>>> print(open('start_14.txt').read())   # compact mmCIF, C-alpha atoms
# COMPACT_ATOMS: atom_id res chain seq x y z
CA MET O 1 0.00 0.00 0.00
CA PRO O 2 2.50 2.69 -1.12
CA ALA O 3 1.48 6.30 -0.52
CA ASP O 4 2.93 9.76 -0.13
CA LEU O 5 0.79 10.63 2.90
CA ALA O 6 -0.49 8.85 5.98
CA VAL O 7 -3.31 10.51 7.91
CA LEU O 8 -3.49 9.31 11.51
CA GLY O 9 -6.99 9.90 12.83
CA LEU O 10 -9.90 9.70 10.40
CA GLY O 11 -12.35 12.11 11.94
CA ARG O 12 -13.44 15.70 11.36
CA THR O 13 -10.00 16.91 10.28
CA GLY O 14 -8.38 13.72 9.03
CA LEU O 15 -10.81 12.65 6.31
CA PRO O 16 -11.20 16.14 4.78
CA LEU O 17 -7.39 16.41 4.70
CA ALA O 18 -7.17 13.03 2.97
CA GLN O 19 -9.83 14.17 0.49
CA ALA O 20 -7.96 17.38 -0.40
CA ALA O 21 -4.63 15.60 -0.79
CA ALA O 22 -6.09 12.80 -2.91
CA ALA O 23 -7.83 15.34 -5.16
CA ALA O 24 -4.38 16.84 -5.83
CA GLY O 25 -3.06 13.48 -6.96
CA ILE O 26 -1.29 12.56 -3.71
CA GLY O 27 -1.42 8.93 -2.68
CA VAL O 28 -3.04 8.72 0.76
CA ILE O 29 -3.58 6.03 3.36
CA GLY O 30 -5.56 6.49 6.55
CA TYR O 31 -4.67 4.98 9.90
CA ASP O 32 -7.17 4.26 12.67
CA PRO O 33 -6.27 1.94 15.56
CA ASP O 34 -9.80 0.55 15.54
CA PRO O 35 -10.12 -2.15 12.82
CA ALA O 36 -13.91 -1.81 12.80
CA ALA O 37 -13.69 1.95 12.16
CA ALA O 38 -11.24 1.40 9.31
CA ALA O 39 -13.47 -1.30 7.81
CA ASP O 40 -16.51 0.98 7.99
CA ILE O 41 -14.69 3.72 6.08
CA ASN O 42 -13.50 1.26 3.42
CA ALA O 43 -17.11 0.10 3.06
CA GLY O 44 -18.23 3.68 2.41
CA ARG O 45 -19.82 4.27 5.82
CA VAL O 46 -19.09 7.87 6.80
CA PRO O 47 -18.04 8.74 10.37
CA PRO O 48 -20.28 11.49 11.83
CA GLY O 49 -19.25 15.05 11.10
CA THR O 50 -16.62 14.25 8.45
CA LEU O 51 -17.54 13.96 4.76
CA ALA O 52 -20.64 13.54 2.68
CA THR O 53 -21.21 9.96 1.52
CA ALA O 54 -20.54 10.94 -2.10
CA ASP O 55 -17.24 12.59 -1.09
CA LEU O 56 -16.09 9.45 0.72
CA ARG O 57 -16.96 7.34 -2.31
CA ARG O 58 -14.89 9.63 -4.54
CA LEU O 59 -12.01 9.44 -2.06
CA LEU O 60 -12.11 5.64 -2.11
CA ALA O 61 -12.25 5.72 -5.91
CA CYS O 62 -8.96 7.65 -5.85
CA GLY O 63 -7.32 4.66 -4.16
CA PHE O 64 -7.60 5.80 -0.55
CA ARG O 65 -7.87 3.03 2.03
CA ALA O 66 -8.09 3.03 5.80
CA THR O 67 -6.17 0.51 7.87
CA ALA O 68 -5.49 -0.44 11.48
CA ASP O 69 -2.07 -1.86 10.55
CA PRO O 70 0.63 0.54 11.82
CA THR O 71 3.34 -1.00 9.65
CA VAL O 72 2.05 0.98 6.66
CA LEU O 73 3.21 4.14 8.44
CA GLY O 74 6.78 3.25 7.58
CA ARG O 75 6.10 3.53 3.85
CA VAL O 76 5.16 7.21 3.58
CA ARG O 77 7.06 10.45 3.14
CA THR O 78 4.65 12.55 5.21
CA ALA O 79 2.51 11.70 8.23
CA VAL O 80 -0.13 14.07 9.61
CA ILE O 81 -1.61 13.38 13.04
CA CYS O 82 -5.27 14.41 13.23
CA ALA O 83 -6.19 12.43 16.34
CA PRO O 84 -9.16 13.73 18.36
CA THR O 85 -8.53 15.72 21.54
CA PRO O 86 -11.91 15.90 23.30
CA LEU O 87 -12.48 17.81 26.51
CA GLY O 88 -12.37 15.73 29.66
CA GLU O 89 -14.52 16.21 32.72
CA ASP O 90 -11.95 18.72 34.02
CA ARG O 91 -12.37 20.67 30.75
CA ALA O 92 -8.78 19.88 29.80
CA LEU O 93 -7.98 18.46 26.38
CA ASP O 94 -7.52 14.70 26.43
CA LEU O 95 -4.28 14.04 24.53
CA THR O 96 -4.49 10.24 24.85
CA ALA O 97 -5.24 9.67 21.15
CA VAL O 98 -2.41 11.99 20.07
CA SER O 99 0.05 10.07 22.27
CA ALA O 100 -1.19 6.73 20.93
CA ALA O 101 -0.84 7.90 17.32
CA ALA O 102 2.67 9.17 18.02
CA ARG O 103 3.73 5.84 19.53
CA ALA O 104 2.31 3.91 16.58
CA LEU O 105 4.15 6.19 14.16
CA ALA O 106 7.41 6.20 16.13
CA ALA O 107 7.75 2.43 15.91
CA HIS O 108 7.88 2.65 12.09
CA LEU O 109 9.25 6.14 11.51
CA ARG O 110 11.87 6.37 8.76
CA PRO O 111 14.55 9.02 8.32
CA HIS O 112 13.58 12.07 6.22
CA THR O 113 9.87 11.68 6.99
CA THR O 114 7.89 14.88 7.60
CA VAL O 115 5.56 14.65 10.61
CA VAL O 116 2.89 17.30 11.18
CA LEU O 117 0.50 17.55 14.13
CA GLU O 118 -2.92 19.06 13.29
CA SER O 119 -4.93 18.11 16.37
CA ALA O 120 -6.17 20.87 18.66
CA VAL O 121 -3.56 21.03 21.42
CA TYR O 122 -2.04 23.39 23.95
CA PRO O 123 1.02 25.52 23.17
CA GLY O 124 4.14 23.43 23.70
CA THR O 125 2.57 20.05 22.93
CA THR O 126 4.48 19.38 19.70
CA GLU O 127 7.87 19.79 21.32
CA GLY O 128 7.01 18.76 24.87
CA LEU O 129 4.79 15.73 24.30
CA LEU O 130 4.98 14.63 20.65
CA ARG O 131 8.69 15.05 20.03
CA PRO O 132 9.92 12.79 22.90
CA LEU O 133 7.49 10.06 21.80
CA LEU O 134 8.68 10.21 18.18
CA GLU O 135 12.34 10.22 19.21
CA ALA O 136 11.96 7.16 21.43
CA HIS O 137 13.44 4.83 18.78
CA GLY O 138 16.61 6.81 18.13
CA LEU O 139 15.72 9.35 15.46
CA THR O 140 16.05 13.06 16.28
CA ALA O 141 13.59 15.73 15.16
CA GLY O 142 15.21 18.42 13.06
CA ARG O 143 18.10 16.16 12.12
CA ASP O 144 16.69 12.77 11.09
CA PHE O 145 13.07 13.74 10.44
CA HIS O 146 11.03 16.93 10.16
CA LEU O 147 8.46 17.89 12.81
CA ALA O 148 5.94 20.73 12.67
CA TYR O 149 2.55 21.89 13.90
CA SER O 150 -0.24 23.23 11.70
CA PRO O 151 -3.65 24.15 13.13
CA SER O 152 -6.67 22.83 11.30
CA ARG O 153 -8.86 25.66 10.07
CA LEU O 154 -11.72 23.65 8.63
CA ASP O 155 -15.15 25.26 8.81
CA PRO O 156 -17.66 22.48 8.08
CA GLY O 157 -20.39 23.52 5.69
CA ASN O 158 -18.63 26.71 4.58
CA ARG O 159 -19.24 27.03 0.85
CA ASP O 160 -16.69 29.80 0.31
CA PHE O 161 -13.65 28.68 2.28
CA HIS O 162 -12.27 25.16 2.33
CA LEU O 163 -8.94 23.50 2.94
CA THR O 164 -7.46 24.49 -0.41
CA ASN O 165 -8.11 28.24 -0.31
CA THR O 166 -7.69 28.78 3.45
CA PRO O 167 -4.15 29.95 4.32
CA LYS O 168 -2.16 27.18 6.01
CA VAL O 169 -0.20 28.16 9.13
CA ILE O 170 2.91 26.03 9.76
CA GLY O 171 5.49 26.19 12.52
CA GLY O 172 8.39 23.71 12.50
CA CYS O 173 10.87 22.77 15.20
CA THR O 174 13.60 24.12 12.88
CA PRO O 175 13.46 26.30 9.75
CA ALA O 176 14.09 23.17 7.69
CA CYS O 177 11.14 21.46 9.39
CA THR O 178 8.92 24.40 8.50
CA GLU O 179 10.03 24.32 4.88
CA ALA O 180 9.51 20.57 4.57
CA ALA O 181 5.95 20.84 5.87
CA ALA O 182 5.34 23.92 3.71
CA ALA O 183 6.54 22.05 0.62
CA PHE O 184 4.08 19.27 1.30
CA PHE O 185 1.01 21.41 2.03
CA GLY O 186 1.93 23.72 -0.84
CA ARG O 187 1.00 20.89 -3.19
CA PHE O 188 -2.70 21.45 -2.51
CA THR O 189 -3.13 24.69 -0.55
CA GLU O 190 -2.91 28.11 -2.15
CA LYS O 191 -1.07 30.00 0.60
CA ILE O 192 1.40 29.03 3.33
CA VAL O 193 1.90 31.21 6.40
CA ARG O 194 5.11 30.45 8.30
CA ALA O 195 5.02 30.82 12.07
CA ARG O 196 8.20 31.38 14.08
CA GLY O 197 7.90 27.89 15.57
CA PRO O 198 5.47 25.19 16.69
CA ARG O 199 4.48 27.00 19.89
CA GLU O 200 3.43 30.04 17.90
CA ALA O 201 1.45 27.87 15.48
CA GLU O 202 -0.22 26.08 18.42
CA ALA O 203 -1.09 29.44 19.97
CA VAL O 204 -2.78 30.42 16.69
CA ASN O 205 -5.25 27.60 17.32
CA LEU O 206 -5.76 28.80 20.90
CA LEU O 207 -6.34 32.39 19.77
CA GLU O 208 -8.68 31.58 16.89
CA THR O 209 -10.80 29.15 18.91
CA ASN O 210 -11.21 31.40 21.92
CA TYR O 211 -11.76 34.48 19.75
CA ARG O 212 -14.93 32.85 18.47
CA HIS O 213 -16.19 31.95 21.93
CA VAL O 214 -15.41 35.34 23.48
CA ASN O 215 -17.19 37.27 20.74
CA ILE O 216 -20.22 34.99 20.73
CA ALA O 217 -20.40 35.42 24.51
CA PHE O 218 -20.49 39.21 24.09
CA ALA O 219 -23.26 38.87 21.50
CA ASN O 220 -25.17 36.61 23.92
CA GLU O 221 -24.83 39.15 26.72
CA MET O 222 -26.07 41.86 24.36
CA ALA O 223 -29.07 39.67 23.50
CA VAL O 224 -30.10 39.40 27.14
CA PHE O 225 -29.49 43.11 27.74
CA CYS O 226 -31.38 44.25 24.64
CA HIS O 227 -34.37 42.06 25.48
CA GLU O 228 -34.55 43.58 28.95
CA VAL O 229 -34.51 47.18 27.65
CA GLY O 230 -36.76 46.53 24.65
CA VAL O 231 -34.16 46.91 21.90
CA ASP O 232 -34.13 44.82 18.71
CA LEU O 233 -30.59 43.41 18.83
CA TRP O 234 -30.84 41.95 15.33
CA ASP O 235 -31.50 45.41 13.93
CA VAL O 236 -28.56 46.72 15.98
CA ILE O 237 -26.28 44.10 14.43
CA ARG O 238 -27.62 44.82 10.95
CA CYS O 239 -26.70 48.47 11.33
CA ALA O 240 -23.38 47.91 13.14
CA GLU O 241 -22.01 45.55 10.51
CA THR O 242 -22.16 48.32 7.92
CA LYS O 243 -19.13 49.88 9.64
CA PRO O 244 -16.23 49.18 7.27
CA PHE O 245 -13.57 49.03 9.98
CA GLY O 246 -13.14 47.98 13.60
CA PHE O 247 -16.20 45.70 13.78
CA GLN O 248 -16.96 42.10 12.92
CA ALA O 249 -20.50 40.83 13.38
CA PHE O 250 -21.10 37.92 15.74
CA ARG O 251 -24.63 36.75 16.47
CA PRO O 252 -26.17 35.31 19.63
CA GLY O 253 -27.73 31.91 19.82
CA PRO O 254 -29.02 29.23 22.18
CA GLY O 255 -25.47 28.13 23.03
CA VAL O 256 -22.12 27.38 21.40
CA GLY O 257 -21.69 23.91 19.95
CA GLY O 258 -19.23 22.14 17.73
CA PRO O 259 -15.97 20.29 18.31
CA ALA O 260 -13.88 23.47 18.77
CA ALA O 261 -14.65 24.08 22.43
CA ALA O 262 -13.18 27.02 24.30
CA LEU O 263 -9.91 26.02 25.97
CA ASP O 264 -10.10 26.41 29.73
CA PRO O 265 -7.04 28.47 30.67
CA ASN O 266 -6.95 26.93 34.14
CA ALA O 267 -6.34 23.53 32.56
CA VAL O 268 -3.64 24.52 30.08
CA PRO O 269 -0.33 22.70 30.67
CA LEU O 270 2.59 24.27 28.85
CA PHE O 271 4.83 21.43 27.70
CA GLY O 272 8.44 22.51 27.67
CA ALA O 273 7.36 26.12 27.41
CA MET O 274 10.78 27.38 28.35
CA PRO O 275 14.01 25.79 27.12
CA ALA O 276 15.38 25.63 30.66
CA GLN O 277 12.57 23.32 31.70
CA GLY O 278 13.56 20.56 29.29
CA GLN O 279 11.38 18.40 27.16
CA GLY O 280 8.44 16.73 28.78
CA GLN O 281 8.27 19.18 31.66
CA THR O 282 4.96 20.92 32.30
CA ARG O 283 3.78 23.91 34.22
CA MET O 284 0.35 25.43 34.62
CA LEU O 285 -0.53 28.77 33.10
CA GLY O 286 0.18 31.42 35.69
CA HIS O 287 -1.98 34.13 34.10
CA PRO O 288 -5.45 32.73 33.34
CA LEU O 289 -7.24 34.18 30.34
CA ARG O 290 -10.09 35.76 32.28
CA MET O 291 -11.99 36.73 29.14
CA VAL O 292 -12.13 33.08 28.10
CA GLU O 293 -13.31 31.98 31.53
CA LEU O 294 -16.06 34.57 31.47
CA ALA O 295 -17.04 33.63 27.91
CA GLN O 296 -17.47 30.01 28.94
CA GLU O 297 -19.65 31.11 31.83
CA VAL O 298 -21.84 33.34 29.66
CA ASN O 299 -22.24 30.83 26.83
CA SER O 300 -23.04 27.96 29.19
CA ARG O 301 -25.98 29.99 30.56
CA MET O 302 -27.70 30.39 27.19
CA PRO O 303 -29.63 27.08 27.10
CA ARG O 304 -31.13 27.95 30.49
CA TYR O 305 -31.99 31.44 29.24
CA VAL O 306 -33.75 30.01 26.16
CA VAL O 307 -35.93 27.84 28.41
CA GLN O 308 -36.74 30.86 30.57
CA ARG O 309 -37.75 32.83 27.49
CA ALA O 310 -39.90 29.90 26.30
CA ALA O 311 -41.70 29.72 29.66
CA ALA O 312 -42.22 33.48 29.73
CA LEU O 313 -43.58 33.53 26.18
CA LEU O 314 -46.10 30.79 26.99
CA ASN O 315 -47.05 32.58 30.21
CA GLU O 316 -47.71 35.82 28.31
CA HIS O 317 -50.30 33.91 26.28
CA GLY O 318 -51.96 32.28 29.28
CA LYS O 319 -50.22 28.92 29.00
CA SER O 320 -47.94 26.97 31.31
CA LEU O 321 -44.74 25.27 30.25
CA ARG O 322 -45.80 22.17 32.16
CA GLY O 323 -47.87 20.11 29.78
CA ALA O 324 -47.21 22.42 26.82
CA ARG O 325 -46.47 20.87 23.45
CA VAL O 326 -43.08 22.24 22.35
CA LEU O 327 -41.60 21.71 18.90
CA LEU O 328 -37.83 22.14 18.56
CA LEU O 329 -36.53 22.97 15.08
CA GLY O 330 -32.92 22.08 14.27
CA VAL O 331 -30.96 20.04 16.82
CA THR O 332 -27.52 20.11 15.16
CA TYR O 333 -24.75 22.46 16.22
CA LYS O 334 -24.50 24.16 12.82
CA ALA O 335 -26.89 24.90 9.99
CA ASP O 336 -27.15 22.38 7.14
CA LEU O 337 -24.97 19.78 8.86
CA ALA O 338 -25.86 16.54 10.62
CA ASP O 339 -23.24 16.96 13.35
CA GLN O 340 -24.74 17.24 16.84
CA GLU O 341 -21.52 17.52 18.86
CA GLY O 342 -21.93 20.11 21.60
CA ALA O 343 -25.27 21.31 20.21
CA PRO O 344 -27.25 23.22 22.88
CA ALA O 345 -30.46 21.51 21.74
CA ARG O 346 -29.88 18.55 24.04
CA GLU O 347 -29.57 20.65 27.18
CA ILE O 348 -32.55 22.77 26.17
CA GLY O 349 -34.59 19.64 25.49
CA THR O 350 -33.54 18.16 28.83
CA ARG O 351 -34.56 21.25 30.77
CA LEU O 352 -37.89 21.47 28.95
CA MET O 353 -38.69 17.83 29.66
CA GLU O 354 -37.71 18.19 33.32
CA LEU O 355 -40.14 21.11 33.57
CA GLY O 356 -42.95 18.97 32.17
CA ALA O 357 -43.09 20.01 28.52
CA GLN O 358 -44.14 17.50 25.87
CA LEU O 359 -41.37 17.55 23.27
CA CYS O 360 -41.22 16.78 19.61
CA TYR O 361 -38.56 17.86 17.12
CA HIS O 362 -37.83 18.33 13.46
CA ASP O 363 -34.46 18.29 11.73
CA PRO O 364 -33.92 17.27 8.10
CA TYR O 365 -30.46 15.91 8.99
CA VAL O 366 -31.34 13.96 12.15
CA PRO O 367 -33.71 11.01 11.69
CA GLN O 368 -33.65 10.03 15.38
CA TRP O 369 -33.00 12.06 18.53
CA ARG O 370 -32.93 11.17 22.20
CA VAL O 371 -33.12 13.26 25.37
CA LEU O 372 -32.64 11.79 28.85
CA ASP O 373 -32.17 8.42 27.14
CA ARG O 374 -35.69 8.63 25.76
CA PRO O 375 -36.59 8.93 22.07
CA VAL O 376 -38.16 12.27 21.17
CA PRO O 377 -40.96 12.03 18.57
CA ARG O 378 -39.95 13.38 15.18
CA ALA O 379 -42.48 15.54 13.35
CA ASP O 380 -43.37 14.01 10.01
CA SER O 381 -45.22 17.06 8.75
CA LEU O 382 -43.47 20.25 9.81
CA TRP O 383 -46.46 22.47 9.02
CA GLU O 384 -48.92 20.34 10.99
CA ALA O 385 -46.55 19.99 13.94
CA ALA O 386 -45.99 23.76 14.11
CA ALA O 387 -49.74 24.39 13.99
CA GLU O 388 -50.41 21.86 16.76
CA ALA O 389 -47.57 22.86 19.09
CA ASP O 390 -48.20 25.43 21.78
CA LEU O 391 -44.68 26.74 21.14
CA THR O 392 -42.18 26.25 18.33
CA VAL O 393 -38.53 27.05 19.09
CA LEU O 394 -36.06 27.58 16.24
CA LEU O 395 -32.69 26.37 17.49
CA GLN O 396 -30.91 25.96 14.15
CA HIS O 397 -31.72 27.71 10.88
CA HIS O 398 -31.40 25.07 8.19
CA ARG O 399 -31.83 26.39 4.65
CA THR O 400 -34.77 24.08 4.04
CA TYR O 401 -36.91 25.89 6.61
CA ASP O 402 -39.47 28.34 5.24
CA LEU O 403 -39.47 30.57 8.30
CA GLN O 404 -41.94 33.09 6.94
CA GLY O 405 -44.44 30.30 6.39
CA LEU O 406 -43.65 28.75 9.77
CA ALA O 407 -44.22 32.07 11.49
CA VAL O 408 -47.73 32.07 10.04
CA LYS O 409 -48.47 28.43 10.90
CA ALA O 410 -47.02 28.35 14.43
CA GLN O 411 -49.17 29.34 17.40
CA LEU O 412 -46.07 30.83 19.05
CA LEU O 413 -42.57 30.97 17.59
CA LEU O 414 -39.37 31.72 19.51
CA ASP O 415 -36.50 32.41 17.11
CA THR O 416 -33.07 32.00 18.75
CA ARG O 417 -31.20 32.73 15.49
CA GLY O 418 -32.73 36.00 14.37
CA ALA O 419 -33.70 34.37 11.09
CA THR O 420 -37.38 35.34 10.92
CA PRO O 421 -38.59 38.69 9.58
CA ALA O 422 -38.87 41.44 12.18
CA GLY O 423 -42.17 41.20 14.02
CA ALA O 424 -42.95 37.70 12.73
CA ALA O 425 -41.80 35.93 15.91
CA ALA O 426 -40.33 36.48 19.33
CA ARG O 427 -36.58 36.70 18.84
CA LEU O 428 -33.78 35.99 21.29
>>> encode(input="start_14.txt", output="structure tokens")
Amino acid sequence: MPADLAVLGLGRTGLPLAQAAAAAGIGVIGYDPDPAAAADINAGRVPPGTLATADLRRLLACGFRATADPTVLGRVRTAVICAPTPLGEDRALDLTAVSAAARALAAHLRPHTTVVLESAVYPGTTEGLLRPLLEAHGLTAGRDFHLAYSPSRLDPGNRDFHLTNTPKVIGGCTPACTEAAAAFFGRFTEKIVRARGPREAEAVNLLETNYRHVNIAFANEMAVFCHEVGVDLWDVIRCAETKPFGFQAFRPGPGVGGPAAALDPNAVPLFGAMPAQGQGQTRMLGHPLRMVELAQEVNSRMPRYVVQRAAALLNEHGKSLRGARVLLLGVTYKADLADQEGAPAREIGTRLMELGAQLCYHDPYVPQWRVLDRPVPRADSLWEAAAEADLTVLLQHHRTYDLQGLAVKAQLLLDTRGATPAGAAARL
């Protein structure tokens, strides 16, 4: 199974990377330690939140295959680690899969191979955690093989920006490492941005991820404030975004979902952050990012606030939330995607059920949905369900929804996305 590239980790970042490389004529193999997961991919079964089924079929037609055999990792010129790093209960990134991928690669690593880490990690991880694991069998990074970090900047569902036309940030352990990784990614990305080193490239991921959460949190706070003082926030945003400088529009919502969770600064270990500490040493961040902490607090309150608004809206019309028929529209974390990771819909549904509401839902991308380990009825006819429900709550604005028509059909409509025409529904 000869190939130019091995992708370790076939999830949200790994499979799209394999797709882009294969489309550029690069031979790609995928590595997953789970044989069943590899077999599913080879059979055309798409892992959640990765590719469309048709895209996976085209990737397989290009010769791509997934395998659980680590020996194939010794036959490639470039290896990119895209292992998942989910948040643990302590809200720290779990680097277990990254470490496992590094050990599998290290056992078969050949001289002159270029290794790039793309997983979401803390600053210092490439040099402090990954490098010692890869050097365990005698090869030295920067001398015998190239090592670099490059943050993934994928935006699932974005029709304008994709892997090819999004600038690729790369920071290598040495200038030669940076250039080796740049030469590889330059084969299928339009622009390379060179960072001073891997820690700077890792910090790019930290900055970009938390930038999103902080600004959404401010928009969420403005939503609560504007509702209290009787101001139409959506009109405020419409006007503010006409400013050609110094402002970027962020919009509130029922919560912040998706795999790119805010990184808790109190849980950030800095691997080998200072040369004097040596590789593998860690220390905790001494200056917590207070804005990030506050953003997490604000955003985590939004599902509760949506339920409060739902109860208040029903009460204004002489109805109680207990026993009310509530229709939830859109339970994914992002519009026009099937991915439910981190979607606020589950917490909102849980709180509504605990308060006695009778739930049903509709989502064109989710055929089955459960809350509190119980199946929630799916509306077959959206129009009939909206007409029968005491309250309809728009949680995600999928393009297939005719919101103007729904606003007419629904008895009460709470729009958490500001997608309905002004005056057609109660808006967050």
>>> residues_around(input="start_14.txt", residues="Pro16 of chain O", least_positions_apart="6", cutoff="8 Å", atoms="all atoms listed in the file", output="ChimeraX atom specification")
/O:50-51,163
>>> residues_around(input="start_14.txt", residues="Arg77 of chain O", least_positions_apart="5", cutoff="12 Å", atoms="only C-alpha atoms", output="PyMOL selection string")
chain O and resi 2-7+26-29+72+108-116+145-146+180-181+183-184
>>> atom_distance(input="start_14.txt", atom1="atom CA of Ala419 of chain O", atom2="atom CA of Leu329 of chain O")
12.4 Å
>>> closest_residue(input="start_14.txt", among="O:Ala240, O:Ala24, O:Ala410, O:Ile81", to="Phe185 of chain O", atoms="only C-alpha atoms")
O:Ala24
>>> residues_around(input="start_14.txt", residues="Gly197 of chain O", least_positions_apart="5", cutoff="6 Å", atoms="only C-alpha atoms", output="CSV table (one decimal) with C-alpha atoms, keeping the file's coordinate frame")
chain,number,residue,atom,x,y,z
O,171,GLY,CA,5.5,26.2,12.5
O,172,GLY,CA,8.4,23.7,12.5
O,173,CYS,CA,10.9,22.8,15.2
>>> residues_around(input="start_14.txt", residues="Thr166 of chain O", least_positions_apart="5", cutoff="10 Å", atoms="all atoms listed in the file", output="VMD selection string")
chain O and resid 152 to 155 160 to 161 189 to 192
>>> atom_distance(input="start_14.txt", atom1="atom CA of Gly330 of chain O", atom2="atom CA of Leu59 of chain O")
29.4 Å
>>> closest_residue(input="start_14.txt", among="O:Leu56, O:Ala38, O:Ile348, O:Val169", to="Ala68 of chain O", atoms="all atoms listed in the file")
O:Ala38
>>> atom_distance(input="start_14.txt", atom1="atom CA of Leu233 of chain O", atom2="atom CA of Met291 of chain O")
22.3 Å
>>> closest_residue(input="start_14.txt", among="O:Gly418, O:Gly128, O:Gly44, O:Pro70", to="Arg238 of chain O", atoms="all atoms listed in the file")
O:Gly418
>>> closest_residue(input="start_14.txt", among="O:Val256, O:Ala83, O:Phe225, O:Ala379", to="Gly9 of chain O", atoms="all atoms listed in the file")
O:Ala83
>>> closest_residue(input="start_14.txt", among="O:Ala386, O:Leu289, O:Ala295, O:Cys177", to="Arg212 of chain O", atoms="only C-alpha atoms")
O:Ala295
>>> closest_residue(input="start_14.txt", among="O:Asp69, O:Asp336, O:Glu241, O:Asp55", to="Leu15 of chain O", atoms="all atoms listed in the file")
O:Asp55
>>> residues_near_point(input="start_14.txt", point="(-24.2, 37.5, 27.5)", cutoff="9 Å", atoms="only C-alpha atoms", output="compact mmCIF listing (two decimals) with C-alpha atoms, in the frame of the given file")
# COMPACT_ATOMS: atom_id res chain seq x y z
CA ILE O 216 -20.22 34.99 20.73
CA ALA O 217 -20.40 35.42 24.51
CA PHE O 218 -20.49 39.21 24.09
CA ALA O 219 -23.26 38.87 21.50
CA ASN O 220 -25.17 36.61 23.92
CA GLU O 221 -24.83 39.15 26.72
CA MET O 222 -26.07 41.86 24.36
CA ALA O 223 -29.07 39.67 23.50
CA VAL O 224 -30.10 39.40 27.14
CA PHE O 225 -29.49 43.11 27.74
CA PRO O 252 -26.17 35.31 19.63
CA ALA O 295 -17.04 33.63 27.91
CA GLU O 297 -19.65 31.11 31.83
CA VAL O 298 -21.84 33.34 29.66
CA ASN O 299 -22.24 30.83 26.83
CA ARG O 301 -25.98 29.99 30.56
CA MET O 302 -27.70 30.39 27.19
>>> residues_around(input="start_14.txt", residues="Cys82 of chain O", least_positions_apart="6", cutoff="8 Å", atoms="all atoms listed in the file", output="number ranges by chain")
O: 7-11, 13-14, 98, 117-119
>>> write_last_selection(input="start_14.txt", atoms="C-alpha atoms", output="mmCIF file, in the coordinates of the input")
data_model
loop_
_atom_site.group_PDB
_atom_site.id
_atom_site.type_symbol
_atom_site.label_atom_id
_atom_site.label_comp_id
_atom_site.auth_asym_id
_atom_site.auth_seq_id
_atom_site.Cartn_x
_atom_site.Cartn_y
_atom_site.Cartn_z
ATOM 1 C CA VAL O 7 -3.310 10.510 7.910
ATOM 2 C CA LEU O 8 -3.490 9.310 11.510
ATOM 3 C CA GLY O 9 -6.990 9.900 12.830
ATOM 4 C CA LEU O 10 -9.900 9.700 10.400
ATOM 5 C CA GLY O 11 -12.350 12.110 11.940
ATOM 6 C CA THR O 13 -10.000 16.910 10.280
ATOM 7 C CA GLY O 14 -8.380 13.720 9.030
ATOM 8 C CA VAL O 98 -2.410 11.990 20.070
ATOM 9 C CA LEU O 117 0.500 17.550 14.130
ATOM 10 C CA GLU O 118 -2.920 19.060 13.290
ATOM 11 C CA SER O 119 -4.930 18.110 16.370
#
>>> residues_near_point(input="start_14.txt", point="(-39.1, 30.7, 11.4)", cutoff="12 Å", atoms="only C-alpha atoms", output="JSON list (two decimals) with C-alpha atoms, keeping the file's coordinate frame")
[["chain", "number", "residue", "atom", "x", "y", "z"],
["O", 327, "LEU", "CA", -41.60, 21.71, 18.90],
["O", 328, "LEU", "CA", -37.83, 22.14, 18.56],
["O", 329, "LEU", "CA", -36.53, 22.97, 15.08],
["O", 330, "GLY", "CA", -32.92, 22.08, 14.27],
["O", 382, "LEU", "CA", -43.47, 20.25, 9.81],
["O", 383, "TRP", "CA", -46.46, 22.47, 9.02],
["O", 386, "ALA", "CA", -45.99, 23.76, 14.11],
["O", 391, "LEU", "CA", -44.68, 26.74, 21.14],
["O", 392, "THR", "CA", -42.18, 26.25, 18.33],
["O", 393, "VAL", "CA", -38.53, 27.05, 19.09],
["O", 394, "LEU", "CA", -36.06, 27.58, 16.24],
["O", 395, "LEU", "CA", -32.69, 26.37, 17.49],
["O", 396, "GLN", "CA", -30.91, 25.96, 14.15],
["O", 397, "HIS", "CA", -31.72, 27.71, 10.88],
["O", 398, "HIS", "CA", -31.40, 25.07, 8.19],
["O", 399, "ARG", "CA", -31.83, 26.39, 4.65],
["O", 400, "THR", "CA", -34.77, 24.08, 4.04],
["O", 401, "TYR", "CA", -36.91, 25.89, 6.61],
["O", 402, "ASP", "CA", -39.47, 28.34, 5.24],
["O", 403, "LEU", "CA", -39.47, 30.57, 8.30],
["O", 404, "GLN", "CA", -41.94, 33.09, 6.94],
["O", 405, "GLY", "CA", -44.44, 30.30, 6.39],
["O", 406, "LEU", "CA", -43.65, 28.75, 9.77],
["O", 407, "ALA", "CA", -44.22, 32.07, 11.49],
["O", 408, "VAL", "CA", -47.73, 32.07, 10.04],
["O", 409, "LYS", "CA", -48.47, 28.43, 10.90],
["O", 410, "ALA", "CA", -47.02, 28.35, 14.43],
["O", 411, "GLN", "CA", -49.17, 29.34, 17.40],
["O", 412, "LEU", "CA", -46.07, 30.83, 19.05],
["O", 413, "LEU", "CA", -42.57, 30.97, 17.59],
["O", 414, "LEU", "CA", -39.37, 31.72, 19.51],
["O", 415, "ASP", "CA", -36.50, 32.41, 17.11],
["O", 416, "THR", "CA", -33.07, 32.00, 18.75],
["O", 417, "ARG", "CA", -31.20, 32.73, 15.49],
["O", 418, "GLY", "CA", -32.73, 36.00, 14.37],
["O", 419, "ALA", "CA", -33.70, 34.37, 11.09],
["O", 420, "THR", "CA", -37.38, 35.34, 10.92],
["O", 421, "PRO", "CA", -38.59, 38.69, 9.58],
["O", 422, "ALA", "CA", -38.87, 41.44, 12.18],
["O", 423, "GLY", "CA", -42.17, 41.20, 14.02],
["O", 424, "ALA", "CA", -42.95, 37.70, 12.73],
["O", 425, "ALA", "CA", -41.80, 35.93, 15.91],
["O", 426, "ALA", "CA", -40.33, 36.48, 19.33],
["O", 427, "ARG", "CA", -36.58, 36.70, 18.84]]
